[in-house]
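Notes for the one structure printed next.
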Amino acid sequence: MDSELSFSTADLAQTRFAVSPMWEVVTSFRLLAGAADPAPHRRWAEQVRPRLECAGLDRGWLAELVPARGYLADFLNPTPAGPFPELAAELAMIRDTAPERVRADLARLRAERPGPAGAGPARLRLLEEAPGAALEKVAAEIETYWELAIAPYWARIRQLLEADVFHRARQVAEYGSAYVLNELHESVRWDEGTLRLVRRHCSVTRDHAGAGMLLVPSAFAWPRVLTRSVVPEPPQLAYPARGIGTLWEPRTPGAAGEAVAAVLGRSRALLLAELDTPASTTDLAARCGLSAPAVSQHLTALRGAGLVTAHRAGRSVLYARTAVADALLAPVGAA
């Protein structure tokens with residue numbers, strides 16, 4: 001089934017891009033809920049899934065609101081106020097969702113998986129009966145999910161998404177907005193004032209949309225595009241960002257690593273090299289042949305220098321390289 005969205009000149013002028021942490025939350029959670037891990041994200045999924053299962057997040061609020069297929073609750077993706085919103089800002093908007101919006105989304109979720117009257121997951125019933133209190137629980141679970149699944153990798157993901165936005169912005173300047181819409185995805189087509197969305201997972205109509213459109217690059221939407229259409233806000237279209245195929249490739253330092261070691265010392269350079277994927281102090285100590293106290297001391301220094309971030313994962317803490325560290329370790333001459 002195809003959908004169409006008629007555009008005016010004013011609509012096209014109001015079309016904008018945004019990088020949304022919440023779109024990464026819902027698309028990544030949906031990916032993990034699927035039967036098989038898509039090849040581009042297998043490396044990430046193998047690291048993250050055990051953490052989520054240990055925390056029980058595979059059977060919590062998000063599991064009810066973001067099923068593996070079909071409709072997902074629209075209130076989880078509020079319209080970003082700017083191009084690069086923080087997760088905290090989006091969570092504040094989720095907490096402030098109007099009760100009627102929550103109930104409308106729950107009705108649609110229920111319609112896609114009908115059951116006996118009065119039946120259904122207890123969490124969804126609580127959301128319907130006491131949305132304010134329940135949304136606090138939803139936001140708290142999202143924060144936990146973020147720390148376990150997204151935050152340790154956010155520097156890498158955000159770099160990919162921002163690069164996509166800047167690339168599209170250059171295309172708009174050179175060729176115009178219509179050209180960019182045609183380049184987003186094979187299922188998206190612009191033709192004489194009408195945006196055509198091909199395939200069943202794309203569903204949006206002008207009768208249910210505000211002015212303009214919000215285009216959201218996503219690391220985890222691949223291979224599809226996803227849409228959100230809520231009155232009176234502009235429709236949102238989340239599409240696969242460019243370069244996803246290389247997102248999780250190991251980034252091991254070459255000659256640049258030696259230069260970094262000359263400045264930071266070999267132990268700290270080694271730790272940075274090992275943090276191509278997030279790891280705990282214990283893991284790093286075992287892999288680098290250092291004592292846990294020594295690793296902790298080095299990580300504290302690296303974190304103070306903005307080269308490492310720390311993220312709570314249950315009883316342990318995962319450390320991850322920042323974009324600054326990635327740039328330091330990149331091969332000489334790399335883009």
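Residues in the structure tokens are named by chain (A, B, ... in the order shown) and by number from 1 within that chain; ligands are numbered from 1 in the order shown.
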
Any chance you could list, as a PDB file with C-alpha atoms, in the first residue's frame, the residues in stretch 33-201 of chain A that come up helix (DSSP H, G or I) when DSSP is run on the backbone?
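File produced: selection_25.pdb:
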```
ATOM      1  CA  ALA A  33      13.075  -7.143  19.282  1.00  0.00           C
ATOM      2  CA  ALA A  39      24.053  -7.608   9.330  1.00  0.00           C
ATOM      3  CA  PRO A  40      25.071  -3.918   9.634  1.00  0.00           C
ATOM      4  CA  HIS A  41      24.185  -3.912  13.353  1.00  0.00           C
ATOM      5  CA  ARG A  42      25.105  -7.445  14.413  1.00  0.00           C
ATOM      6  CA  ARG A  43      28.287  -6.407  16.206  1.00  0.00           C
ATOM      7  CA  TRP A  44      26.391  -3.814  18.266  1.00  0.00           C
ATOM      8  CA  ALA A  45      23.440  -6.113  18.985  1.00  0.00           C
ATOM      9  CA  GLU A  46      25.656  -8.933  20.252  1.00  0.00           C
ATOM     10  CA  GLN A  47      27.186  -6.579  22.803  1.00  0.00           C
ATOM     11  CA  VAL A  48      23.960  -4.895  23.896  1.00  0.00           C
ATOM     12  CA  ARG A  49      21.351  -7.662  24.034  1.00  0.00           C
ATOM     13  CA  PRO A  50      22.838  -9.481  27.091  1.00  0.00           C
ATOM     14  CA  ARG A  51      22.866  -6.200  29.059  1.00  0.00           C
ATOM     15  CA  LEU A  52      19.206  -5.544  28.277  1.00  0.00           C
ATOM     16  CA  GLU A  53      18.132  -9.062  29.186  1.00  0.00           C
ATOM     17  CA  CYS A  54      20.035  -8.828  32.465  1.00  0.00           C
ATOM     18  CA  ALA A  55      18.233  -5.563  33.259  1.00  0.00           C
ATOM     19  CA  LEU A  57      14.384  -4.293  29.560  1.00  0.00           C
ATOM     20  CA  ASP A  58      13.387  -6.861  26.944  1.00  0.00           C
ATOM     21  CA  ARG A  59      10.071  -7.252  28.793  1.00  0.00           C
ATOM     22  CA  TRP A  61       7.541  -0.613  29.097  1.00  0.00           C
ATOM     23  CA  LEU A  62       9.346  -0.249  25.784  1.00  0.00           C
ATOM     24  CA  ALA A  63       8.491  -3.829  24.863  1.00  0.00           C
ATOM     25  CA  GLU A  64       4.801  -2.895  25.119  1.00  0.00           C
ATOM     26  CA  LEU A  65       5.065   0.429  23.309  1.00  0.00           C
ATOM     27  CA  ASP A  74       3.724   8.166  18.574  1.00  0.00           C
ATOM     28  CA  PHE A  75       4.205   9.973  21.886  1.00  0.00           C
ATOM     29  CA  LEU A  76       7.670   8.422  22.119  1.00  0.00           C
ATOM     30  CA  LEU A  87      17.690  13.176  25.247  1.00  0.00           C
ATOM     31  CA  ALA A  88      16.689  15.055  28.421  1.00  0.00           C
ATOM     32  CA  ALA A  89      14.688  17.578  26.377  1.00  0.00           C
ATOM     33  CA  GLU A  90      12.834  14.838  24.509  1.00  0.00           C
ATOM     34  CA  LEU A  91      12.117  12.953  27.740  1.00  0.00           C
ATOM     35  CA  ALA A  92      10.669  16.133  29.245  1.00  0.00           C
ATOM     36  CA  MET A  93       8.281  16.341  26.296  1.00  0.00           C
ATOM     37  CA  ILE A  94       7.324  12.685  26.732  1.00  0.00           C
ATOM     38  CA  ARG A  95       6.565  13.268  30.429  1.00  0.00           C
ATOM     39  CA  PRO A  99      -3.431  12.164  28.419  1.00  0.00           C
ATOM     40  CA  GLU A 100      -5.638  12.152  25.311  1.00  0.00           C
ATOM     41  CA  ARG A 101      -2.536  11.661  23.113  1.00  0.00           C
ATOM     42  CA  VAL A 102      -1.420   8.717  25.253  1.00  0.00           C
ATOM     43  CA  ARG A 103      -4.866   7.114  25.135  1.00  0.00           C
ATOM     44  CA  ALA A 104      -5.148   7.594  21.372  1.00  0.00           C
ATOM     45  CA  ASP A 105      -1.809   5.834  20.862  1.00  0.00           C
ATOM     46  CA  LEU A 106      -2.816   3.006  23.190  1.00  0.00           C
ATOM     47  CA  ALA A 107      -6.084   2.554  21.312  1.00  0.00           C
ATOM     48  CA  ARG A 108      -4.154   2.143  18.083  1.00  0.00           C
ATOM     49  CA  LEU A 109      -1.720  -0.311  19.672  1.00  0.00           C
ATOM     50  CA  ARG A 110      -4.667  -2.292  21.031  1.00  0.00           C
ATOM     51  CA  ALA A 111      -6.371  -2.314  17.629  1.00  0.00           C
ATOM     52  CA  GLU A 112      -3.330  -3.999  16.079  1.00  0.00           C
ATOM     53  CA  ALA A 122      -1.017  -4.303  32.837  1.00  0.00           C
ATOM     54  CA  ARG A 123       1.466  -1.566  31.929  1.00  0.00           C
ATOM     55  CA  LEU A 124      -0.716  -0.303  29.095  1.00  0.00           C
ATOM     56  CA  ARG A 125      -3.755  -0.303  31.359  1.00  0.00           C
ATOM     57  CA  LEU A 126      -1.819   1.772  33.879  1.00  0.00           C
ATOM     58  CA  LEU A 127      -0.794   4.202  31.123  1.00  0.00           C
ATOM     59  CA  GLU A 128      -4.435   4.612  30.187  1.00  0.00           C
ATOM     60  CA  GLU A 129      -5.722   5.025  33.729  1.00  0.00           C
ATOM     61  CA  PRO A 131      -0.791   8.442  32.303  1.00  0.00           C
ATOM     62  CA  GLY A 132       1.117  11.027  34.357  1.00  0.00           C
ATOM     63  CA  ALA A 133       2.584   8.524  36.821  1.00  0.00           C
ATOM     64  CA  ALA A 134       3.110   5.883  34.146  1.00  0.00           C
ATOM     65  CA  LEU A 135       4.976   8.267  31.840  1.00  0.00           C
ATOM     66  CA  GLU A 136       7.486   8.864  34.636  1.00  0.00           C
ATOM     67  CA  LYS A 137       8.149   5.120  34.651  1.00  0.00           C
ATOM     68  CA  VAL A 138       8.440   5.045  30.867  1.00  0.00           C
ATOM     69  CA  ALA A 139      10.954   7.917  30.913  1.00  0.00           C
ATOM     70  CA  ALA A 140      12.980   6.233  33.665  1.00  0.00           C
ATOM     71  CA  GLU A 141      13.170   3.018  31.646  1.00  0.00           C
ATOM     72  CA  ILE A 142      14.233   4.936  28.547  1.00  0.00           C
ATOM     73  CA  GLU A 143      17.066   6.530  30.540  1.00  0.00           C
ATOM     74  CA  THR A 144      18.236   3.062  31.621  1.00  0.00           C
ATOM     75  CA  TYR A 145      17.975   1.741  28.080  1.00  0.00           C
ATOM     76  CA  TRP A 146      19.967   4.721  26.818  1.00  0.00           C
ATOM     77  CA  GLU A 147      22.787   4.113  29.278  1.00  0.00           C
ATOM     78  CA  LEU A 148      23.008   0.420  28.368  1.00  0.00           C
ATOM     79  CA  ALA A 149      22.404   0.447  24.627  1.00  0.00           C
ATOM     80  CA  ILE A 150      23.066   3.882  23.141  1.00  0.00           C
ATOM     81  CA  ALA A 151      25.159   6.168  25.367  1.00  0.00           C
ATOM     82  CA  PRO A 152      28.417   4.162  25.136  1.00  0.00           C
ATOM     83  CA  TYR A 153      28.151   4.390  21.343  1.00  0.00           C
ATOM     84  CA  TRP A 154      26.525   7.803  21.028  1.00  0.00           C
ATOM     85  CA  ALA A 155      29.663   9.686  19.951  1.00  0.00           C
ATOM     86  CA  ARG A 156      30.043   7.345  16.981  1.00  0.00           C
ATOM     87  CA  ILE A 157      26.314   7.323  16.153  1.00  0.00           C
ATOM     88  CA  ARG A 158      25.900  11.086  16.450  1.00  0.00           C
ATOM     89  CA  GLN A 159      28.921  11.660  14.227  1.00  0.00           C
ATOM     90  CA  LEU A 160      27.255   9.529  11.538  1.00  0.00           C
ATOM     91  CA  LEU A 161      23.901  11.323  11.873  1.00  0.00           C
ATOM     92  CA  GLU A 162      25.383  14.814  11.883  1.00  0.00           C
ATOM     93  CA  ALA A 163      27.461  13.967   8.804  1.00  0.00           C
ATOM     94  CA  ASP A 164      24.255  12.922   7.045  1.00  0.00           C
ATOM     95  CA  VAL A 165      22.489  16.177   7.970  1.00  0.00           C
ATOM     96  CA  PHE A 166      25.405  18.295   6.736  1.00  0.00           C
ATOM     97  CA  HIS A 167      25.558  16.287   3.501  1.00  0.00           C
ATOM     98  CA  ARG A 168      21.822  16.791   2.879  1.00  0.00           C
ATOM     99  CA  ALA A 169      22.130  20.497   3.719  1.00  0.00           C
ATOM    100  CA  ARG A 170      24.786  20.862   1.027  1.00  0.00           C
ATOM    101  CA  GLN A 171      22.507  19.036  -1.407  1.00  0.00           C
ATOM    102  CA  VAL A 172      19.648  21.414  -0.602  1.00  0.00           C
ATOM    103  CA  ALA A 173      21.920  24.389  -1.265  1.00  0.00           C
ATOM    104  CA  GLU A 174      23.160  22.942  -4.562  1.00  0.00           C
ATOM    105  CA  TYR A 175      20.086  21.179  -5.964  1.00  0.00           C
ATOM    106  CA  SER A 177      14.765  20.351  -1.411  1.00  0.00           C
ATOM    107  CA  ALA A 178      12.929  18.291  -4.045  1.00  0.00           C
ATOM    108  CA  TYR A 179      16.199  16.656  -5.124  1.00  0.00           C
ATOM    109  CA  VAL A 180      17.026  15.732  -1.517  1.00  0.00           C
ATOM    110  CA  LEU A 181      13.617  14.115  -0.959  1.00  0.00           C
ATOM    111  CA  ASN A 182      14.225  11.895  -3.984  1.00  0.00           C
ATOM    112  CA  GLU A 183      17.613  10.867  -2.587  1.00  0.00           C
TER     113      GLU A 183
END
```
